[in-house]
Amino acid sequence: MSEHNAFLFEVAPHHDARLPATGQRLSRWRAALYLLLAVLLSAGVILAPFLATVLISFSRPGAWSGVLSDGQAWQAVGNTLIWWVLVVVVCAVGLGLAWLVRNAGPALGLVMRVILVLPAVVSPLTTGAIFRLLFDTSRERGMAAALLGGDTAFLGPGWIWLVLGLAFVWQYAGVAFLVFHEALARLPSSLLRMARAFGVGRRRRLWSVVLPALAGPAALAYLFALVAAARVFDLVLMGAPGSTQALVEGGGLYWWRHNDDLGDAGAAALAVLMSLLVAGLASPALLGLRGRVSWADPAPAARPPADRSRRLWPLGGAVAVLWLLPFAALLLTSLREPVAAARSGWWEGEPWTLGSYAEALSDSAFTGALGTTFLRAVAVVCVVLLAAVPAAYVLAHEHLLPRRAWRPVLLVSVALAALPPQAFAVPLQRWLSPVGTPLALAIVHAALVMPLAVLVLHNAFVRVPAPMLARDRWELFHVVREARPAVVLAGVLAFVLVWNDAVVGLLLNWPSGDHLPLILLEQARHFMSAASPLAAQAVIATAVPVLVVAVTARRLHRGLTRGVRR
């Protein structure tokens, strides 16, 4: 063994940081009880309908061959791969920004964290509306066209991918930045200094020390972005005009538009094909979610040189302006008269008015949807935490499951977190209709969010230090108390996803007057003439999740980056 390899073998972290087997092990029957609600939700709402979808796909001869020979279907599946490329771009942008400001000091780091993460709580419908305003083809209304000095077909073929790609990166790169920013701050600097002292080259240090430390955060950021990309639906519906939606729609949106034309068997075959593709794309996240390595908390970082911090402020300011510009466009559009907003851009210096807000708040359908959606989101949060907390606790104790069963269970959790809802929409429409639509929608939302919540909580539970455990039958409560930031993160994640979701409602033929995002989608039918009222409704709808995130910001940051209190 070479000197360099011997050094890396000695200093590389080989210890297992998962929850150890305690003196009083949780019995298998009690572990099964902890998994019961999560299994019922997953099996009843996702797995069983998915298996039914698989059977339906083989119920008619030629269904698979018809889908596989459909050029439009293959174009939509290919578009899904383009959205996956954007997932990689999101992670790369987040890592790049985190690397650039890694030594910027606490003040700039706080500003960047707050501003970059804000778009993540915005509905994809709102994001689509914002970027459609920014890139309107008319130079009188679109800022990009006005800067270029002519009418540019930004929303037409050739440009629409750029517009939607920028919208997607703007919305989700901040989450990746937050994860990587904390991960870089917690790099094992002592090991890096020792490696340099032993003469280990830069490339070997990168592959043997830096990348293993970033594996877990990268997997989490990748999975978050992949879930968003796999369910890209409303961003295209709002951000792209009808004439160009077919060019950028993924498999899910194509399925929604053409499932009647394909027939039950053909639609089921397309849904299974999309599910296999997404499951394959999600499987790499399993490598970083193993929870086997936990770096110790670093010593307090040395204050960066003052001149370096000053040099980074212009860069941070430029990034902050770029990220705040879409919010400014939405807010200023909402403050303009509807006729003026339809004729000219949001930057025009005309008198501002609150008329669109008054109209929105006097609309009983809109205010009723606000209240109903809020109550539904709170109910889903309660169900998700009741199911995900005990399930993640059991998964964090690998000794509670057979050795051969643990990794497949975690793999299934990753696959379920990214599975597109089209894979089980048709059977659910039939099975849940007798239950009653309000209850049905809440159950489906809880089942869809629960696997992602399990992964977030599992990632935190394996980091609870062993001395903090009570080693008794109340150990679960001690673990939850220590991993409280991750529990808050899972709850806020469930709330935001339900609040902003329009996909499940459309797939289950939900009446538009009951769920808030579908109200916004109805308003977008006359996009330009209703730009100001739509922007006002979007601002009000965005204010609720922003307030929730602001109240829980400190715990959210720790829950997303570390998971535990200390």
# chains A, B, ... in the order shown; residues from 1 in each chain; ligands from 1
>>> residues_around(residues="region 41-44 of chain A", least_positions_apart="2", cutoff="9 Å", atoms="only C-alpha atoms", output="list in words")
Leu36, Leu37, Ala38, Val39, Ile46, Leu47, Ala48, Pro49, Ala387, Leu416, Ile443, Val444, Ala446, Ala447, Leu448, Met450 and Pro451 of chain A
>>> select_by_dssp(residues="region 301-441 of chain A", states="helix (DSSP H, G or I)", output="compact mmCIF listing (two decimals) with N, CA, C and O atoms, in the first residue's frame")
# COMPACT_ATOMS: atom_id res chain seq x y z
N ALA A 306 -11.01 40.11 6.11
CA ALA A 306 -11.97 41.17 5.81
C ALA A 306 -11.97 41.53 4.33
O ALA A 306 -13.02 41.80 3.75
N ASP A 307 -10.77 41.51 3.70
CA ASP A 307 -10.74 41.87 2.29
C ASP A 307 -11.46 40.85 1.44
O ASP A 307 -12.11 41.19 0.45
N ARG A 308 -11.38 39.55 1.81
CA ARG A 308 -12.10 38.53 1.05
C ARG A 308 -13.60 38.71 1.21
O ARG A 308 -14.35 38.58 0.23
N SER A 309 -14.07 38.99 2.42
CA SER A 309 -15.50 39.20 2.62
C SER A 309 -16.01 40.38 1.81
O SER A 309 -17.09 40.33 1.22
N ARG A 310 -15.21 41.46 1.78
CA ARG A 310 -15.62 42.63 1.01
C ARG A 310 -15.68 42.33 -0.49
O ARG A 310 -16.55 42.83 -1.19
N ARG A 311 -14.76 41.50 -0.97
CA ARG A 311 -14.77 41.16 -2.39
C ARG A 311 -15.98 40.31 -2.76
O ARG A 311 -16.46 40.35 -3.89
N LEU A 312 -16.48 39.51 -1.81
CA LEU A 312 -17.61 38.64 -2.10
C LEU A 312 -18.95 39.34 -2.03
O LEU A 312 -19.94 38.84 -2.57
N TRP A 313 -19.03 40.49 -1.36
CA TRP A 313 -20.31 41.18 -1.24
C TRP A 313 -20.88 41.60 -2.60
O TRP A 313 -22.09 41.45 -2.82
N PRO A 314 -20.08 42.12 -3.54
CA PRO A 314 -20.67 42.43 -4.85
C PRO A 314 -21.24 41.19 -5.55
O PRO A 314 -22.31 41.27 -6.17
N LEU A 315 -20.54 40.06 -5.44
CA LEU A 315 -21.06 38.83 -6.04
C LEU A 315 -22.36 38.42 -5.37
O LEU A 315 -23.36 38.09 -6.03
N GLY A 316 -22.36 38.44 -4.03
CA GLY A 316 -23.59 38.08 -3.32
C GLY A 316 -24.71 39.04 -3.62
O GLY A 316 -25.88 38.63 -3.76
N GLY A 317 -24.40 40.33 -3.74
CA GLY A 317 -25.44 41.30 -4.08
C GLY A 317 -26.02 41.07 -5.45
O GLY A 317 -27.24 41.19 -5.65
N ALA A 318 -25.16 40.72 -6.43
CA ALA A 318 -25.66 40.45 -7.78
C ALA A 318 -26.58 39.23 -7.80
O ALA A 318 -27.64 39.23 -8.43
N VAL A 319 -26.19 38.17 -7.09
CA VAL A 319 -27.04 36.97 -7.02
C VAL A 319 -28.35 37.29 -6.31
O VAL A 319 -29.43 36.84 -6.75
N ALA A 320 -28.30 38.08 -5.24
CA ALA A 320 -29.52 38.44 -4.52
C ALA A 320 -30.47 39.23 -5.40
O ALA A 320 -31.69 39.00 -5.39
N VAL A 321 -29.94 40.17 -6.19
CA VAL A 321 -30.79 40.95 -7.08
C VAL A 321 -31.46 40.05 -8.12
O VAL A 321 -32.66 40.18 -8.40
N LEU A 322 -30.69 39.13 -8.69
CA LEU A 322 -31.26 38.21 -9.68
C LEU A 322 -32.37 37.37 -9.08
O LEU A 322 -33.39 37.11 -9.72
N TRP A 323 -32.18 36.92 -7.84
CA TRP A 323 -33.19 36.05 -7.21
C TRP A 323 -34.41 36.85 -6.74
O TRP A 323 -35.50 36.30 -6.66
N LEU A 324 -34.23 38.12 -6.43
CA LEU A 324 -35.36 38.94 -5.98
C LEU A 324 -36.12 39.58 -7.14
O LEU A 324 -37.26 40.01 -6.96
N LEU A 325 -35.50 39.64 -8.31
CA LEU A 325 -36.14 40.28 -9.45
C LEU A 325 -37.49 39.65 -9.80
O LEU A 325 -38.47 40.37 -10.03
N PRO A 326 -37.62 38.31 -9.86
CA PRO A 326 -38.95 37.73 -10.15
C PRO A 326 -40.00 38.12 -9.13
O PRO A 326 -41.17 38.36 -9.49
N PHE A 327 -39.62 38.18 -7.84
CA PHE A 327 -40.59 38.62 -6.83
C PHE A 327 -41.03 40.06 -7.08
O PHE A 327 -42.22 40.39 -6.91
N ALA A 328 -40.08 40.92 -7.45
CA ALA A 328 -40.43 42.30 -7.73
C ALA A 328 -41.39 42.39 -8.90
O ALA A 328 -42.34 43.19 -8.89
N ALA A 329 -41.14 41.61 -9.94
CA ALA A 329 -42.03 41.61 -11.11
C ALA A 329 -43.45 41.21 -10.71
O ALA A 329 -44.43 41.82 -11.15
N LEU A 330 -43.58 40.16 -9.88
CA LEU A 330 -44.91 39.71 -9.46
C LEU A 330 -45.60 40.77 -8.61
O LEU A 330 -46.78 41.09 -8.82
N LEU A 331 -44.88 41.33 -7.65
CA LEU A 331 -45.49 42.30 -6.74
C LEU A 331 -45.92 43.57 -7.49
O LEU A 331 -47.04 44.06 -7.29
N LEU A 332 -45.05 44.10 -8.35
CA LEU A 332 -45.39 45.33 -9.06
C LEU A 332 -46.52 45.11 -10.06
O LEU A 332 -47.33 46.01 -10.27
N THR A 333 -46.58 43.93 -10.66
CA THR A 333 -47.71 43.62 -11.55
C THR A 333 -49.01 43.61 -10.77
O THR A 333 -50.05 44.08 -11.25
N SER A 334 -48.98 43.07 -9.55
CA SER A 334 -50.21 43.00 -8.75
C SER A 334 -50.68 44.38 -8.31
O SER A 334 -51.86 44.55 -7.97
N PRO A 338 -55.49 46.59 -13.99
CA PRO A 338 -55.52 45.47 -14.93
C PRO A 338 -55.30 45.89 -16.38
O PRO A 338 -54.58 45.21 -17.11
N VAL A 339 -55.91 47.01 -16.80
CA VAL A 339 -55.75 47.44 -18.20
C VAL A 339 -54.30 47.85 -18.46
O VAL A 339 -53.71 47.50 -19.49
N ALA A 340 -53.70 48.59 -17.51
CA ALA A 340 -52.31 49.02 -17.68
C ALA A 340 -51.37 47.81 -17.68
O ALA A 340 -50.41 47.76 -18.46
N ALA A 341 -51.63 46.83 -16.82
CA ALA A 341 -50.78 45.64 -16.77
C ALA A 341 -50.87 44.84 -18.06
O ALA A 341 -49.90 44.17 -18.45
N ALA A 342 -52.02 44.88 -18.74
CA ALA A 342 -52.17 44.16 -19.99
C ALA A 342 -51.48 44.86 -21.15
O ALA A 342 -51.13 44.22 -22.15
N ARG A 343 -51.26 46.16 -21.02
CA ARG A 343 -50.69 46.93 -22.14
C ARG A 343 -49.19 47.16 -22.02
O ARG A 343 -48.51 47.28 -23.03
N GLY A 355 -56.35 47.76 -5.96
CA GLY A 355 -57.63 47.29 -6.47
C GLY A 355 -57.67 45.80 -6.72
O GLY A 355 -58.68 45.14 -6.43
N SER A 356 -56.60 45.22 -7.25
CA SER A 356 -56.60 43.78 -7.52
C SER A 356 -56.65 42.97 -6.23
O SER A 356 -57.26 41.90 -6.18
N TYR A 357 -56.01 43.48 -5.17
CA TYR A 357 -56.07 42.79 -3.88
C TYR A 357 -57.48 42.88 -3.29
O TYR A 357 -57.98 41.88 -2.71
N ALA A 358 -58.11 44.03 -3.42
CA ALA A 358 -59.48 44.16 -2.92
C ALA A 358 -60.41 43.22 -3.66
O ALA A 358 -61.30 42.60 -3.06
N GLU A 359 -60.21 43.11 -4.96
CA GLU A 359 -61.04 42.20 -5.75
C GLU A 359 -60.83 40.75 -5.33
O GLU A 359 -61.79 39.97 -5.22
N ALA A 360 -59.57 40.38 -5.08
CA ALA A 360 -59.29 39.00 -4.68
C ALA A 360 -59.89 38.67 -3.32
O ALA A 360 -60.50 37.61 -3.13
N LEU A 361 -59.76 39.58 -2.35
CA LEU A 361 -60.26 39.32 -1.01
C LEU A 361 -61.78 39.42 -0.91
O LEU A 361 -62.38 38.94 0.06
N SER A 364 -65.50 35.39 -2.77
CA SER A 364 -65.78 34.34 -1.78
C SER A 364 -65.17 33.01 -2.18
O SER A 364 -64.76 32.21 -1.32
N ALA A 365 -65.11 32.72 -3.48
CA ALA A 365 -64.51 31.46 -3.93
C ALA A 365 -63.02 31.42 -3.59
O ALA A 365 -62.51 30.40 -3.12
N PHE A 366 -62.33 32.54 -3.80
CA PHE A 366 -60.90 32.58 -3.52
C PHE A 366 -60.64 32.49 -2.01
O PHE A 366 -59.80 31.70 -1.56
N THR A 367 -61.33 33.29 -1.22
CA THR A 367 -61.11 33.25 0.23
C THR A 367 -61.55 31.90 0.82
O THR A 367 -60.91 31.39 1.75
N GLY A 368 -62.63 31.32 0.28
CA GLY A 368 -63.04 30.00 0.75
C GLY A 368 -61.99 28.95 0.45
O GLY A 368 -61.71 28.06 1.28
N ALA A 369 -61.37 29.02 -0.74
CA ALA A 369 -60.31 28.08 -1.10
C ALA A 369 -59.09 28.26 -0.21
O ALA A 369 -58.40 27.29 0.13
N LEU A 370 -58.80 29.52 0.19
CA LEU A 370 -57.70 29.76 1.12
C LEU A 370 -57.90 28.99 2.42
O LEU A 370 -57.01 28.28 2.90
N GLY A 371 -59.09 29.12 3.00
CA GLY A 371 -59.37 28.43 4.26
C GLY A 371 -59.38 26.93 4.12
O GLY A 371 -58.80 26.20 4.94
N THR A 372 -60.02 26.42 3.07
CA THR A 372 -60.11 24.98 2.88
C THR A 372 -58.75 24.36 2.64
O THR A 372 -58.42 23.30 3.19
N THR A 373 -57.94 25.00 1.81
CA THR A 373 -56.62 24.47 1.52
C THR A 373 -55.73 24.50 2.75
O THR A 373 -54.94 23.58 2.99
N PHE A 374 -55.87 25.54 3.59
CA PHE A 374 -55.09 25.61 4.82
C PHE A 374 -55.45 24.46 5.75
O PHE A 374 -54.56 23.78 6.30
N LEU A 375 -56.73 24.22 5.96
CA LEU A 375 -57.15 23.13 6.83
C LEU A 375 -56.71 21.78 6.29
O LEU A 375 -56.28 20.90 7.04
N ARG A 376 -56.81 21.61 4.97
CA ARG A 376 -56.36 20.34 4.37
C ARG A 376 -54.87 20.15 4.57
O ARG A 376 -54.40 19.04 4.88
N ALA A 377 -54.08 21.21 4.40
CA ALA A 377 -52.64 21.09 4.56
C ALA A 377 -52.27 20.75 6.00
O ALA A 377 -51.39 19.91 6.25
N VAL A 378 -52.94 21.35 6.98
CA VAL A 378 -52.67 21.05 8.38
C VAL A 378 -53.02 19.59 8.69
O VAL A 378 -52.27 18.89 9.39
N ALA A 379 -54.16 19.13 8.18
CA ALA A 379 -54.55 17.73 8.40
C ALA A 379 -53.53 16.78 7.81
O ALA A 379 -53.17 15.76 8.42
N VAL A 380 -53.04 17.09 6.62
CA VAL A 380 -52.04 16.22 5.98
C VAL A 380 -50.75 16.20 6.78
O VAL A 380 -50.11 15.15 6.93
N VAL A 381 -50.34 17.35 7.33
CA VAL A 381 -49.13 17.40 8.16
C VAL A 381 -49.26 16.45 9.34
O VAL A 381 -48.32 15.70 9.66
N CYS A 382 -50.40 16.47 10.00
CA CYS A 382 -50.62 15.59 11.16
C CYS A 382 -50.51 14.12 10.76
O CYS A 382 -49.85 13.32 11.44
N VAL A 383 -51.15 13.74 9.67
CA VAL A 383 -51.12 12.35 9.23
C VAL A 383 -49.71 11.94 8.82
O VAL A 383 -49.24 10.84 9.16
N VAL A 384 -49.03 12.81 8.10
CA VAL A 384 -47.67 12.49 7.63
C VAL A 384 -46.73 12.26 8.81
O VAL A 384 -45.96 11.29 8.83
N LEU A 385 -46.79 13.13 9.81
CA LEU A 385 -45.88 12.96 10.96
C LEU A 385 -46.25 11.71 11.76
O LEU A 385 -45.35 11.00 12.24
N LEU A 386 -47.53 11.43 11.93
CA LEU A 386 -47.93 10.23 12.65
C LEU A 386 -47.43 8.96 11.96
O LEU A 386 -47.10 7.97 12.61
N ALA A 387 -47.35 9.00 10.64
CA ALA A 387 -46.90 7.82 9.90
C ALA A 387 -45.38 7.79 9.74
O ALA A 387 -44.75 6.73 9.86
N ALA A 388 -44.77 8.95 9.45
CA ALA A 388 -43.36 8.97 9.07
C ALA A 388 -42.42 8.87 10.26
O ALA A 388 -41.35 8.26 10.14
N VAL A 389 -42.76 9.47 11.39
CA VAL A 389 -41.84 9.47 12.53
C VAL A 389 -41.54 8.06 13.02
O VAL A 389 -40.37 7.65 13.11
N PRO A 390 -42.54 7.24 13.35
CA PRO A 390 -42.21 5.87 13.79
C PRO A 390 -41.59 5.02 12.70
O PRO A 390 -40.72 4.18 12.98
N ALA A 391 -42.00 5.22 11.44
CA ALA A 391 -41.41 4.44 10.36
C ALA A 391 -39.93 4.78 10.19
O ALA A 391 -39.09 3.88 10.02
N ALA A 392 -39.58 6.05 10.22
CA ALA A 392 -38.17 6.44 10.09
C ALA A 392 -37.36 5.94 11.27
O ALA A 392 -36.18 5.58 11.13
N TYR A 393 -37.96 5.91 12.44
CA TYR A 393 -37.27 5.40 13.63
C TYR A 393 -36.91 3.93 13.47
O TYR A 393 -35.80 3.50 13.78
N VAL A 394 -37.83 3.15 12.95
CA VAL A 394 -37.56 1.73 12.73
C VAL A 394 -36.49 1.55 11.67
O VAL A 394 -35.57 0.72 11.81
N LEU A 395 -36.56 2.31 10.58
CA LEU A 395 -35.56 2.19 9.52
C LEU A 395 -34.18 2.63 10.00
O LEU A 395 -33.16 2.14 9.49
N ALA A 396 -34.13 3.56 10.96
CA ALA A 396 -32.83 3.99 11.48
C ALA A 396 -32.18 2.90 12.32
O ALA A 396 -30.96 2.88 12.48
N GLU A 398 -31.30 -0.52 12.01
CA GLU A 398 -31.23 -1.59 11.02
C GLU A 398 -31.39 -2.97 11.66
O GLU A 398 -31.81 -3.91 10.98
N HIS A 399 -31.06 -3.09 12.95
CA HIS A 399 -31.15 -4.41 13.58
C HIS A 399 -32.60 -4.84 13.77
O HIS A 399 -32.86 -6.00 14.09
N LEU A 400 -33.56 -3.92 13.61
CA LEU A 400 -34.97 -4.28 13.76
C LEU A 400 -35.52 -4.97 12.53
O LEU A 400 -36.60 -5.56 12.57
N ARG A 403 -31.40 -8.31 7.79
CA ARG A 403 -30.30 -7.65 7.09
C ARG A 403 -30.59 -7.49 5.61
O ARG A 403 -30.28 -6.48 5.00
N ARG A 404 -31.23 -8.49 5.01
CA ARG A 404 -31.51 -8.42 3.58
C ARG A 404 -32.69 -7.52 3.25
O ARG A 404 -32.92 -7.21 2.08
N ALA A 405 -33.45 -7.13 4.25
CA ALA A 405 -34.66 -6.34 3.98
C ALA A 405 -34.42 -4.84 4.11
O ALA A 405 -35.16 -4.06 3.52
N TRP A 406 -33.37 -4.43 4.84
CA TRP A 406 -33.24 -2.99 5.13
C TRP A 406 -33.00 -2.18 3.87
O TRP A 406 -33.69 -1.20 3.61
N ARG A 407 -32.01 -2.56 3.08
CA ARG A 407 -31.70 -1.77 1.89
C ARG A 407 -32.85 -1.78 0.87
O ARG A 407 -33.15 -0.73 0.30
N PRO A 408 -33.52 -2.92 0.61
CA PRO A 408 -34.68 -2.85 -0.28
C PRO A 408 -35.78 -1.92 0.24
O PRO A 408 -36.43 -1.23 -0.54
N VAL A 409 -36.00 -1.89 1.56
CA VAL A 409 -37.02 -1.00 2.12
C VAL A 409 -36.64 0.45 1.87
O VAL A 409 -37.48 1.28 1.47
N LEU A 410 -35.37 0.80 2.08
CA LEU A 410 -34.94 2.17 1.84
C LEU A 410 -35.01 2.50 0.35
O LEU A 410 -35.38 3.61 -0.04
N LEU A 411 -34.66 1.52 -0.50
CA LEU A 411 -34.76 1.75 -1.94
C LEU A 411 -36.20 2.00 -2.36
O LEU A 411 -36.49 2.89 -3.18
N VAL A 412 -37.14 1.24 -1.79
CA VAL A 412 -38.55 1.45 -2.10
C VAL A 412 -39.00 2.83 -1.63
O VAL A 412 -39.77 3.51 -2.32
N SER A 413 -38.50 3.27 -0.48
CA SER A 413 -38.86 4.61 0.00
C SER A 413 -38.38 5.69 -0.96
O SER A 413 -39.10 6.64 -1.24
N VAL A 414 -37.16 5.54 -1.47
CA VAL A 414 -36.64 6.51 -2.44
C VAL A 414 -37.48 6.49 -3.70
O VAL A 414 -37.83 7.54 -4.25
N ALA A 415 -37.82 5.28 -4.19
CA ALA A 415 -38.61 5.18 -5.41
C ALA A 415 -40.01 5.77 -5.22
O ALA A 415 -40.52 6.48 -6.10
N LEU A 416 -40.63 5.50 -4.07
CA LEU A 416 -41.97 6.03 -3.82
C LEU A 416 -41.96 7.55 -3.71
O LEU A 416 -42.91 8.22 -4.10
N ALA A 417 -40.86 8.11 -3.17
CA ALA A 417 -40.79 9.56 -3.02
C ALA A 417 -40.80 10.26 -4.36
O ALA A 417 -41.30 11.39 -4.48
N ALA A 418 -40.25 9.61 -5.40
CA ALA A 418 -40.15 10.25 -6.71
C ALA A 418 -41.17 9.73 -7.70
O ALA A 418 -41.22 10.20 -8.84
N PRO A 421 -47.45 10.70 -9.80
CA PRO A 421 -48.80 10.31 -9.39
C PRO A 421 -49.63 9.74 -10.52
O PRO A 421 -50.64 9.09 -10.25
N GLN A 422 -49.24 9.94 -11.78
CA GLN A 422 -49.98 9.35 -12.89
C GLN A 422 -49.95 7.83 -12.82
O GLN A 422 -50.81 7.16 -13.39
N ALA A 423 -48.95 7.27 -12.12
CA ALA A 423 -48.80 5.82 -12.05
C ALA A 423 -49.93 5.14 -11.31
O ALA A 423 -50.13 3.93 -11.46
N PHE A 424 -50.67 5.88 -10.51
CA PHE A 424 -51.76 5.25 -9.76
C PHE A 424 -53.04 6.09 -9.78
O PHE A 424 -53.93 5.89 -8.98
N ALA A 425 -53.12 7.04 -10.71
CA ALA A 425 -54.26 7.96 -10.72
C ALA A 425 -55.56 7.27 -11.10
O ALA A 425 -56.60 7.48 -10.47
N VAL A 426 -55.54 6.45 -12.15
CA VAL A 426 -56.79 5.85 -12.64
C VAL A 426 -57.42 4.92 -11.61
O VAL A 426 -58.62 5.03 -11.30
N PRO A 427 -56.66 3.97 -11.03
CA PRO A 427 -57.29 3.14 -9.98
C PRO A 427 -57.79 3.95 -8.79
O PRO A 427 -58.83 3.63 -8.22
N LEU A 428 -57.04 5.00 -8.42
CA LEU A 428 -57.48 5.81 -7.27
C LEU A 428 -58.79 6.52 -7.55
O LEU A 428 -59.63 6.67 -6.65
N GLN A 429 -58.98 6.98 -8.77
CA GLN A 429 -60.24 7.63 -9.11
C GLN A 429 -61.41 6.69 -8.85
O GLN A 429 -62.48 7.11 -8.40
N ARG A 430 -61.22 5.43 -9.13
CA ARG A 430 -62.30 4.45 -8.96
C ARG A 430 -62.46 4.03 -7.50
O ARG A 430 -63.57 3.88 -7.00
N TRP A 431 -61.35 3.82 -6.81
CA TRP A 431 -61.41 3.26 -5.47
C TRP A 431 -61.79 4.28 -4.40
O TRP A 431 -62.46 3.94 -3.42
N SER A 433 -63.50 7.19 -4.81
CA SER A 433 -64.72 7.98 -5.02
C SER A 433 -65.79 7.69 -3.97
O SER A 433 -66.48 8.62 -3.55
N PRO A 434 -65.96 6.45 -3.48
CA PRO A 434 -66.96 6.25 -2.42
C PRO A 434 -66.57 6.88 -1.09
O PRO A 434 -67.42 7.10 -0.24
N VAL A 435 -65.27 7.16 -0.88
CA VAL A 435 -64.81 7.69 0.40
C VAL A 435 -65.27 9.12 0.62
O VAL A 435 -65.47 9.56 1.73
N THR A 437 -64.73 13.02 -1.66
CA THR A 437 -63.59 13.70 -2.29
C THR A 437 -62.71 14.48 -1.32
O THR A 437 -61.49 14.44 -1.46
N PRO A 438 -63.22 15.24 -0.35
CA PRO A 438 -62.29 15.96 0.54
C PRO A 438 -61.36 15.02 1.30
O PRO A 438 -60.16 15.24 1.36
N LEU A 439 -61.91 13.95 1.88
CA LEU A 439 -61.08 13.00 2.60
C LEU A 439 -60.13 12.29 1.66
O LEU A 439 -58.97 12.03 1.99
N ALA A 440 -60.60 11.98 0.45
CA ALA A 440 -59.76 11.27 -0.52
C ALA A 440 -58.54 12.10 -0.89
O ALA A 440 -57.42 11.59 -0.96
N LEU A 441 -58.73 13.38 -1.13
CA LEU A 441 -57.61 14.22 -1.52
C LEU A 441 -56.58 14.32 -0.40
O LEU A 441 -55.37 14.28 -0.65
>>> residues_around(residues="Leu276 (chain A)", least_positions_apart="2", cutoff="12 Å", atoms="only C-alpha atoms", output="list in words")
Phe50, Val54, Val77, Ala230, Gly251, Ala269, Leu270, Ala271, Val272, Leu273, Met274, Val278, Ala279, Gly280, Leu281, Ala282, Ser283, Ala415, Leu416, Ala418, Leu419, Pro420 and Ala423 of chain A
>>> write_last_selection(atoms="C-alpha atoms", output="PDB file, in the first residue's frame")
ATOM      1  CA  PHE A  50     -49.548   0.948  -9.086  1.00  0.00           C
ATOM      2  CA  VAL A  54     -49.387  -2.624 -14.256  1.00  0.00           C
ATOM      3  CA  VAL A  77     -40.531  10.729 -22.259  1.00  0.00           C
ATOM      4  CA  ALA A 230     -40.792  14.065 -11.918  1.00  0.00           C
ATOM      5  CA  GLY A 251     -44.545  12.290 -19.655  1.00  0.00           C
ATOM      6  CA  ALA A 269     -48.522   1.330 -20.077  1.00  0.00           C
ATOM      7  CA  LEU A 270     -47.253   4.901 -20.414  1.00  0.00           C
ATOM      8  CA  ALA A 271     -47.583   5.422 -16.646  1.00  0.00           C
ATOM      9  CA  VAL A 272     -45.576   2.264 -15.930  1.00  0.00           C
ATOM     10  CA  LEU A 273     -42.887   3.328 -18.411  1.00  0.00           C
ATOM     11  CA  MET A 274     -42.573   6.737 -16.727  1.00  0.00           C
ATOM     12  CA  VAL A 278     -38.114   7.898 -12.614  1.00  0.00           C
ATOM     13  CA  ALA A 279     -37.306   5.007 -10.248  1.00  0.00           C
ATOM     14  CA  GLY A 280     -34.086   4.412 -12.149  1.00  0.00           C
ATOM     15  CA  LEU A 281     -33.172   8.087 -11.955  1.00  0.00           C
ATOM     16  CA  ALA A 282     -33.931   8.160  -8.211  1.00  0.00           C
ATOM     17  CA  SER A 283     -31.883   5.093  -7.290  1.00  0.00           C
ATOM     18  CA  ALA A 415     -38.615   5.182  -5.414  1.00  0.00           C
ATOM     19  CA  LEU A 416     -41.970   6.032  -3.823  1.00  0.00           C
ATOM     20  CA  ALA A 418     -40.153  10.254  -6.707  1.00  0.00           C
ATOM     21  CA  LEU A 419     -42.932   8.150  -8.254  1.00  0.00           C
ATOM     22  CA  PRO A 420     -45.161  10.258 -10.537  1.00  0.00           C
ATOM     23  CA  ALA A 423     -48.796   5.824 -12.055  1.00  0.00           C
TER      24      ALA A 423
END
>>> atom_distance(atom1="CA of Arg102 (chain A)", atom2="CA of Leu184 (chain A)")
6.9 Å
>>> atom_distance(atom1="CA of Ala541 (chain A)", atom2="CA of Ala144 (chain A)")
26.0 Å
>>> residues_around(residues="region 158-168 of chain A", least_positions_apart="3", cutoff="8 Å", atoms="only C-alpha atoms", output="number ranges by chain")
A: 86, 90, 127-128, 131-132, 135, 153-155, 171-172, 235-236, 239-240, 244, 248
>>> atom_distance(atom1="CA of Trp74 (chain A)", atom2="CA of Phe224 (chain A)")
25.2 Å
>>> closest_residue(among="A:Gly78, A:Gly94, A:Gly109, A:Gly345", to="Ala185 (chain A)", atoms="only C-alpha atoms")
A:Gly109
>>> closest_residue(among="A:His397, A:Arg554, A:Arg141, A:Arg113", to="Arg28 (chain A)", atoms="only C-alpha atoms")
A:His397
>>> closest_residue(among="A:Leu452, A:Glu249, A:Val480, A:His557", to="Gln72 (chain A)", atoms="only C-alpha atoms")
A:Glu249
>>> closest_residue(among="A:Ala460, A:Ala145, A:Ala265, A:Val93", to="Val479 (chain A)", atoms="only C-alpha atoms")
A:Ala460
>>> closest_residue(among="A:Trp99, A:Tyr34, A:Trp170, A:Trp256", to="Ala183 (chain A)", atoms="only C-alpha atoms")
A:Trp99
